[in-house]
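Source file: upload30.pdb (PDB, C-alpha atoms)
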```pdb
ATOM      1  CA  MET O1256      55.148  17.093   3.752  1.00  0.00           C
ATOM      2  CA  PRO O1257      54.033  20.642   2.928  1.00  0.00           C
ATOM      3  CA  LYS O1258      52.614  22.668   5.798  1.00  0.00           C
ATOM      4  CA  PRO O1259      49.420  24.708   6.043  1.00  0.00           C
ATOM      5  CA  ILE O1260      49.483  28.431   5.311  1.00  0.00           C
ATOM      6  CA  PHE O1261      47.814  30.328   8.153  1.00  0.00           C
ATOM      7  CA  LEU O1262      46.450  33.779   7.333  1.00  0.00           C
ATOM      8  CA  ILE O1263      46.482  35.993  10.396  1.00  0.00           C
ATOM      9  CA  GLY O1264      45.438  39.572  11.012  1.00  0.00           C
ATOM     10  CA  TYR O1265      42.821  41.759  12.593  1.00  0.00           C
ATOM     11  CA  MET O1266      39.138  41.168  11.912  1.00  0.00           C
ATOM     12  CA  GLY O1267      38.174  42.737   8.618  1.00  0.00           C
ATOM     13  CA  SER O1268      41.664  42.412   7.146  1.00  0.00           C
ATOM     14  CA  GLY O1269      40.425  40.080   4.425  1.00  0.00           C
ATOM     15  CA  LYS O1270      41.671  36.717   5.670  1.00  0.00           C
ATOM     16  CA  THR O1271      38.644  34.865   4.311  1.00  0.00           C
ATOM     17  CA  THR O1272      38.315  36.765   1.035  1.00  0.00           C
ATOM     18  CA  LEU O1273      42.020  36.684   0.199  1.00  0.00           C
ATOM     19  CA  GLY O1274      42.307  33.164   1.604  1.00  0.00           C
ATOM     20  CA  LYS O1275      39.758  31.779  -0.847  1.00  0.00           C
ATOM     21  CA  LYS O1276      41.531  33.452  -3.778  1.00  0.00           C
ATOM     22  CA  LEU O1277      44.937  32.261  -2.591  1.00  0.00           C
ATOM     23  CA  ALA O1278      43.722  28.696  -2.093  1.00  0.00           C
ATOM     24  CA  SER O1279      42.284  28.713  -5.602  1.00  0.00           C
ATOM     25  CA  LYS O1280      45.551  29.994  -7.115  1.00  0.00           C
ATOM     26  CA  LEU O1281      47.592  27.398  -5.199  1.00  0.00           C
ATOM     27  CA  ASP O1282      45.052  24.645  -5.881  1.00  0.00           C
ATOM     28  CA  LEU O1283      44.683  23.993  -2.152  1.00  0.00           C
ATOM     29  CA  PRO O1284      41.673  23.571   0.108  1.00  0.00           C
ATOM     30  CA  PHE O1285      40.506  26.650   2.014  1.00  0.00           C
ATOM     31  CA  ILE O1286      39.568  26.375   5.688  1.00  0.00           C
ATOM     32  CA  ASP O1287      38.045  29.148   7.787  1.00  0.00           C
ATOM     33  CA  THR O1288      38.501  28.272  11.467  1.00  0.00           C
ATOM     34  CA  ASP O1289      35.532  30.424  12.495  1.00  0.00           C
ATOM     35  CA  GLU O1290      33.272  28.539  10.056  1.00  0.00           C
ATOM     36  CA  GLU O1291      34.604  25.232  11.387  1.00  0.00           C
ATOM     37  CA  ILE O1292      33.833  26.317  14.951  1.00  0.00           C
ATOM     38  CA  VAL O1293      30.263  27.271  13.967  1.00  0.00           C
ATOM     39  CA  LYS O1294      29.780  23.811  12.397  1.00  0.00           C
ATOM     40  CA  GLN O1295      31.132  22.151  15.534  1.00  0.00           C
ATOM     41  CA  ILE O1296      29.074  24.090  18.098  1.00  0.00           C
ATOM     42  CA  GLY O1297      25.876  24.446  16.080  1.00  0.00           C
ATOM     43  CA  MET O1298      25.444  28.144  16.835  1.00  0.00           C
ATOM     44  CA  SER O1299      26.931  31.448  15.808  1.00  0.00           C
ATOM     45  CA  ILE O1300      30.111  32.702  17.435  1.00  0.00           C
ATOM     46  CA  THR O1301      28.106  35.655  18.751  1.00  0.00           C
ATOM     47  CA  GLU O1302      25.683  33.265  20.480  1.00  0.00           C
ATOM     48  CA  TYR O1303      28.562  31.180  21.851  1.00  0.00           C
ATOM     49  CA  PHE O1304      30.286  34.322  23.176  1.00  0.00           C
ATOM     50  CA  GLY O1305      27.057  35.364  24.877  1.00  0.00           C
ATOM     51  CA  GLN O1306      26.473  31.985  26.515  1.00  0.00           C
ATOM     52  CA  HIS O1307      30.021  30.916  27.374  1.00  0.00           C
ATOM     53  CA  GLY O1308      32.222  34.032  27.253  1.00  0.00           C
ATOM     54  CA  GLU O1309      35.431  34.888  25.459  1.00  0.00           C
ATOM     55  CA  GLU O1310      37.679  32.588  27.501  1.00  0.00           C
ATOM     56  CA  GLU O1311      35.731  29.461  26.524  1.00  0.00           C
ATOM     57  CA  PHE O1312      35.656  30.614  22.904  1.00  0.00           C
ATOM     58  CA  ARG O1313      39.441  31.070  22.902  1.00  0.00           C
ATOM     59  CA  LYS O1314      39.880  27.502  24.199  1.00  0.00           C
ATOM     60  CA  LEU O1315      37.623  26.213  21.433  1.00  0.00           C
ATOM     61  CA  GLU O1316      39.536  28.277  18.880  1.00  0.00           C
ATOM     62  CA  ARG O1317      42.834  26.787  20.105  1.00  0.00           C
ATOM     63  CA  GLU O1318      41.482  23.244  19.733  1.00  0.00           C
ATOM     64  CA  GLN O1319      40.223  24.073  16.235  1.00  0.00           C
ATOM     65  CA  LEU O1320      43.643  25.350  15.095  1.00  0.00           C
ATOM     66  CA  ARG O1321      45.311  22.123  16.157  1.00  0.00           C
ATOM     67  CA  LYS O1322      42.941  20.034  14.045  1.00  0.00           C
ATOM     68  CA  PHE O1323      44.690  21.332  10.937  1.00  0.00           C
ATOM     69  CA  ALA O1324      48.314  20.536  11.794  1.00  0.00           C
ATOM     70  CA  ASP O1325      48.559  18.010   8.956  1.00  0.00           C
ATOM     71  CA  SER O1326      46.409  19.874   6.442  1.00  0.00           C
ATOM     72  CA  TYR O1327      48.119  21.257   3.385  1.00  0.00           C
ATOM     73  CA  ALA O1328      45.619  24.088   3.004  1.00  0.00           C
ATOM     74  CA  VAL O1329      45.148  27.830   3.269  1.00  0.00           C
ATOM     75  CA  ILE O1330      43.661  28.467   6.705  1.00  0.00           C
ATOM     76  CA  SER O1331      41.989  31.697   7.794  1.00  0.00           C
ATOM     77  CA  THR O1332      42.253  32.144  11.553  1.00  0.00           C
ATOM     78  CA  GLY O1333      40.109  34.284  13.805  1.00  0.00           C
ATOM     79  CA  GLY O1334      41.627  37.720  14.414  1.00  0.00           C
ATOM     80  CA  GLY O1335      42.510  36.952  18.018  1.00  0.00           C
ATOM     81  CA  ALA O1336      43.659  33.370  17.508  1.00  0.00           C
ATOM     82  CA  PRO O1337      47.420  34.095  17.337  1.00  0.00           C
ATOM     83  CA  CYS O1338      47.235  36.238  20.494  1.00  0.00           C
ATOM     84  CA  PHE O1339      46.050  33.673  23.035  1.00  0.00           C
ATOM     85  CA  PHE O1340      47.765  30.787  24.778  1.00  0.00           C
ATOM     86  CA  ASP O1341      50.755  29.558  22.760  1.00  0.00           C
ATOM     87  CA  ASN O1342      48.840  29.754  19.470  1.00  0.00           C
ATOM     88  CA  MET O1343      51.367  31.886  17.563  1.00  0.00           C
ATOM     89  CA  ASP O1344      54.241  29.613  18.562  1.00  0.00           C
ATOM     90  CA  TRP O1345      52.147  26.627  17.493  1.00  0.00           C
ATOM     91  CA  ILE O1346      51.165  28.224  14.154  1.00  0.00           C
ATOM     92  CA  LYS O1347      54.798  29.015  13.348  1.00  0.00           C
ATOM     93  CA  ALA O1348      55.992  25.531  14.332  1.00  0.00           C
ATOM     94  CA  ASN O1349      53.277  23.716  12.374  1.00  0.00           C
ATOM     95  CA  GLY O1350      52.716  25.922   9.359  1.00  0.00           C
ATOM     96  CA  TYR O1351      53.525  29.213   7.726  1.00  0.00           C
ATOM     97  CA  ALA O1352      52.030  32.426   9.047  1.00  0.00           C
ATOM     98  CA  VAL O1353      51.162  35.275   6.685  1.00  0.00           C
ATOM     99  CA  TYR O1354      50.119  38.527   8.359  1.00  0.00           C
ATOM    100  CA  LEU O1355      47.632  40.610   6.369  1.00  0.00           C
ATOM    101  CA  GLN O1356      48.596  44.028   7.688  1.00  0.00           C
ATOM    102  CA  MET O1357      46.233  47.004   7.498  1.00  0.00           C
ATOM    103  CA  SER O1358      46.163  50.424   9.151  1.00  0.00           C
ATOM    104  CA  PRO O1359      43.639  51.170  11.902  1.00  0.00           C
ATOM    105  CA  LYS O1360      41.897  53.652   9.571  1.00  0.00           C
ATOM    106  CA  ALA O1361      41.529  51.082   6.775  1.00  0.00           C
ATOM    107  CA  LEU O1362      40.213  48.515   9.274  1.00  0.00           C
ATOM    108  CA  PHE O1363      37.750  51.066  10.678  1.00  0.00           C
ATOM    109  CA  ASP O1364      36.509  51.897   7.173  1.00  0.00           C
ATOM    110  CA  ARG O1365      35.978  48.211   6.402  1.00  0.00           C
ATOM    111  CA  LEU O1366      34.486  47.208   9.734  1.00  0.00           C
ATOM    112  CA  SER O1367      32.089  50.146   9.917  1.00  0.00           C
ATOM    113  CA  GLN O1368      30.675  48.940   6.567  1.00  0.00           C
ATOM    114  CA  SER O1369      30.407  45.288   7.687  1.00  0.00           C
ATOM    115  CA  LYS O1370      27.748  43.355   9.576  1.00  0.00           C
ATOM    116  CA  LEU O1371      28.819  44.272  13.102  1.00  0.00           C
ATOM    117  CA  HIS O1372      26.250  41.906  14.648  1.00  0.00           C
ATOM    118  CA  LYS O1373      28.414  39.038  13.365  1.00  0.00           C
ATOM    119  CA  ARG O1374      31.399  40.362  15.305  1.00  0.00           C
ATOM    120  CA  PRO O1375      30.567  39.918  18.985  1.00  0.00           C
ATOM    121  CA  ILE O1376      33.231  42.188  20.427  1.00  0.00           C
ATOM    122  CA  LEU O1377      32.071  45.124  18.263  1.00  0.00           C
ATOM    123  CA  ILE O1378      28.346  45.028  19.023  1.00  0.00           C
ATOM    124  CA  GLY O1379      26.949  48.285  20.390  1.00  0.00           C
ATOM    125  CA  LYS O1380      30.017  50.449  19.754  1.00  0.00           C
ATOM    126  CA  SER O1381      29.587  53.972  18.380  1.00  0.00           C
ATOM    127  CA  PRO O1382      31.884  55.022  15.500  1.00  0.00           C
ATOM    128  CA  GLU O1383      34.206  56.783  17.959  1.00  0.00           C
ATOM    129  CA  GLU O1384      34.271  53.752  20.275  1.00  0.00           C
ATOM    130  CA  LEU O1385      34.860  51.449  17.307  1.00  0.00           C
ATOM    131  CA  ARG O1386      37.795  53.532  16.077  1.00  0.00           C
ATOM    132  CA  ALA O1387      39.363  53.631  19.571  1.00  0.00           C
ATOM    133  CA  PHE O1388      38.739  49.908  20.072  1.00  0.00           C
ATOM    134  CA  ILE O1389      40.429  48.980  16.777  1.00  0.00           C
ATOM    135  CA  GLU O1390      43.450  51.141  17.561  1.00  0.00           C
ATOM    136  CA  GLU O1391      43.783  49.695  21.074  1.00  0.00           C
ATOM    137  CA  LYS O1392      43.340  46.040  20.060  1.00  0.00           C
ATOM    138  CA  LEU O1393      45.599  46.352  17.020  1.00  0.00           C
ATOM    139  CA  THR O1394      48.326  47.826  19.241  1.00  0.00           C
ATOM    140  CA  GLU O1395      47.903  44.868  21.635  1.00  0.00           C
ATOM    141  CA  ARG O1396      47.906  42.265  18.861  1.00  0.00           C
ATOM    142  CA  GLU O1397      50.575  43.686  16.564  1.00  0.00           C
ATOM    143  CA  PRO O1398      53.455  42.046  18.505  1.00  0.00           C
ATOM    144  CA  TYR O1399      51.875  38.649  17.835  1.00  0.00           C
ATOM    145  CA  TYR O1400      50.958  39.337  14.229  1.00  0.00           C
ATOM    146  CA  THR O1401      54.402  40.665  13.302  1.00  0.00           C
ATOM    147  CA  ARG O1402      55.984  37.368  14.340  1.00  0.00           C
ATOM    148  CA  ALA O1403      54.556  35.855  11.138  1.00  0.00           C
ATOM    149  CA  HIS O1404      56.914  34.376   8.578  1.00  0.00           C
ATOM    150  CA  LEU O1405      55.657  36.896   6.046  1.00  0.00           C
ATOM    151  CA  THR O1406      53.909  40.272   6.430  1.00  0.00           C
ATOM    152  CA  ILE O1407      52.077  41.809   3.501  1.00  0.00           C
ATOM    153  CA  ASP O1408      50.433  45.169   2.962  1.00  0.00           C
ATOM    154  CA  GLN O1409      46.933  43.791   2.475  1.00  0.00           C
ATOM    155  CA  LEU O1410      45.594  46.768   0.514  1.00  0.00           C
ATOM    156  CA  ASN O1411      48.480  46.886  -1.951  1.00  0.00           C
ATOM    157  CA  THR O1412      49.334  43.225  -2.483  1.00  0.00           C
ATOM    158  CA  THR O1413      47.564  41.224  -5.175  1.00  0.00           C
ATOM    159  CA  VAL O1414      46.923  37.524  -4.816  1.00  0.00           C
ATOM    160  CA  GLU O1415      49.425  36.962  -7.660  1.00  0.00           C
ATOM    161  CA  THR O1416      52.094  38.883  -5.745  1.00  0.00           C
ATOM    162  CA  LEU O1417      51.285  36.886  -2.608  1.00  0.00           C
ATOM    163  CA  VAL O1418      51.670  33.616  -4.525  1.00  0.00           C
ATOM    164  CA  ALA O1419      55.076  34.841  -5.803  1.00  0.00           C
ATOM    165  CA  LEU O1420      56.142  35.798  -2.269  1.00  0.00           C
ATOM    166  CA  ILE O1421      55.042  32.417  -0.908  1.00  0.00           C
ATOM    167  CA  ASN O1422      56.999  30.633  -3.644  1.00  0.00           C
ATOM    168  CA  GLN O1423      60.005  32.917  -3.099  1.00  0.00           C
ATOM    169  CA  HIS O1424      60.016  32.132   0.632  1.00  0.00           C
ATOM    170  CA  ASN O1425      59.445  28.414  -0.001  1.00  0.00           C
ATOM    171  CA  LEU O1426      56.318  28.443   2.134  1.00  0.00           C
TER     172      LEU O1426
END
```

Same coordinates, now as structure tokens:
Amino acid sequence: MPKPIFLIGYMGSGKTTLGKKLASKLDLPFIDTDEEIVKQIGMSITEYFGQHGEEEFRKLEREQLRKFADSYAVISTGGGAPCFFDNMDWIKANGYAVYLQMSPKALFDRLSQSKLHKRPILIGKSPEELRAFIEEKLTEREPYYTRAHLTIDQLNTTVETLVALINQHNL
């Protein structure tokens, strides 16, 4: 049976946007684990973070990932999902991981233009703090992300090229 394709990468790297396009091209369902968590808990992730903390959120995120072991779909994970518990090992064993790689500067440019209130760990950061935070977290997470089956340059890879790479790698 075909396995799910997990899109991983830092917040703002385009996992949801590219994921929807990729799912359409491959004629597969698209699943956003953050959206699934919101449906399950009945509140925003920001609210959940505030009430229960990051550790409880990460446990919930881990449970959510495992729900899709048998789903032949394109799945957008939360940016931190591969970096906690044994999640990256699990993703690689149960699906195909595609890392949407972007530079800290490109992520900063995107995130500073986004709705920061929807990203709980970025709330209240000045531009300088945001830039430093992205660089620090990306450095921490890169060892997990680069374990993916396939790494793409997110800014310079079209969805058509990604489909070709997925087919080439028999993902």

**OP:** Convert the output of the PyMOL selection byres ((chain O and resi 1292) around 10) on the shown file into explicit residues, formatted as a list of chain:residue names.
**Re:**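 Output of the PyMOL selection byres ((chain O and resi 1292) around 10): O:Asp1287, O:Thr1288, O:Asp1289, O:Glu1290, O:Glu1291, O:Val1293, O:Lys1294, O:Gln1295, O:Ile1296, O:Gly1297, O:Met1298, O:Ser1299, O:Ile1300, O:Tyr1303, O:Phe1312, O:Leu1315, O:Glu1316, O:Glu1318, O:Gln1319, O:Leu1320.
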
**OP:** I would like the residues chosen by the PyMOL selection byres ((chain O and resi 1418-1422) around 10) on the shown file; could you give them as JSON, numbers by chain?
**Re:** {"O": [1260, 1277, 1278, 1280, 1281, 1351, 1353, 1404, 1405, 1407, 1413, 1414, 1415, 1416, 1417, 1423, 1424, 1425, 1426]}

Original post:
Which residues match the PyMOL selection byres ((chain O and resi 1393) around 10) in the file above, as JSON, numbers by chain?
Top reply: {"O": [1264, 1265, 1266, 1334, 1335, 1357, 1358, 1359, 1362, 1387, 1388, 1389, 1390, 1391, 1392, 1394, 1395, 1396, 1397, 1398, 1399, 1400]}

**OP:** Select all residues near (51.7, 32.7, 9.7) (cut-off 12 Å, inclusive, file coordinates), counting all atoms listed in the file, and output them as number ranges by chain.
**Re:** O: 1258-1264, 1270, 1329-1332, 1336-1337, 1342-1356, 1399-1407, 1421, 1426

**OP:** Just give me the gap between atom CA of Arg1321 of chain O and atom CA of Asp1341 of chain O in Å, one decimal is fine.
**Re:** 11.3 Å

3 Å per side around segment 1256-1266 of chain O: axis-aligned box centre and edge lengths, as AutoDock Vina command-line options:
```
--center_x 47.1 --center_y 29.4 --center_z 7.8 --size_x 22.0 --size_y 30.7 --size_z 15.7
```

Original post:
Rounded to one decimal in Å, what is the spacing between atom CA of Phe1339 of chain O and atom CA of Glu1309 of chain O?
Top reply: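 Here the two named atoms are 11.0 Å from each other.
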
**OP:** Between atom CA of Leu1377 of chain O and atom CA of Phe1363 of chain O, measure the distance and give it in Å to one decimal.
**Re:**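 We find that atom CA of Leu1377 of chain O and atom CA of Phe1363 of chain O lie 11.2 Å from each other.
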
Subject >> Proximity to Lys1373 of chain O - best of O:Thr1301, O:Ser1268, O:Ser1326, O:Asn1411, all atoms listed in the file >> reply: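 Using all atoms listed in the file, Lys1373 of chain O sits closest to O:Thr1301.
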
Original post:
Excluding same-chain residues fewer than 5 positions from Ile1378 of chain O, what lies within 12 Å of it counting all atoms listed in the file, as a list in words?
Top reply: Thr1301, Phe1304, Gly1305, Leu1366, Ser1367, Ser1369, Lys1370, Leu1371, His1372, Lys1373, Glu1384, Leu1385 and Phe1388 of chain O

Subject >> Nearest to Gln1368 of chain O by atom-to-atom distance, counting all atoms listed in the file, from O:Pro1382, O:Glu1310, O:Gly1274, O:Ile1286 >> reply: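 Nearest candidate to Gln1368 of chain O out of O:Pro1382, O:Glu1310, O:Gly1274, O:Ile1286: O:Pro1382.
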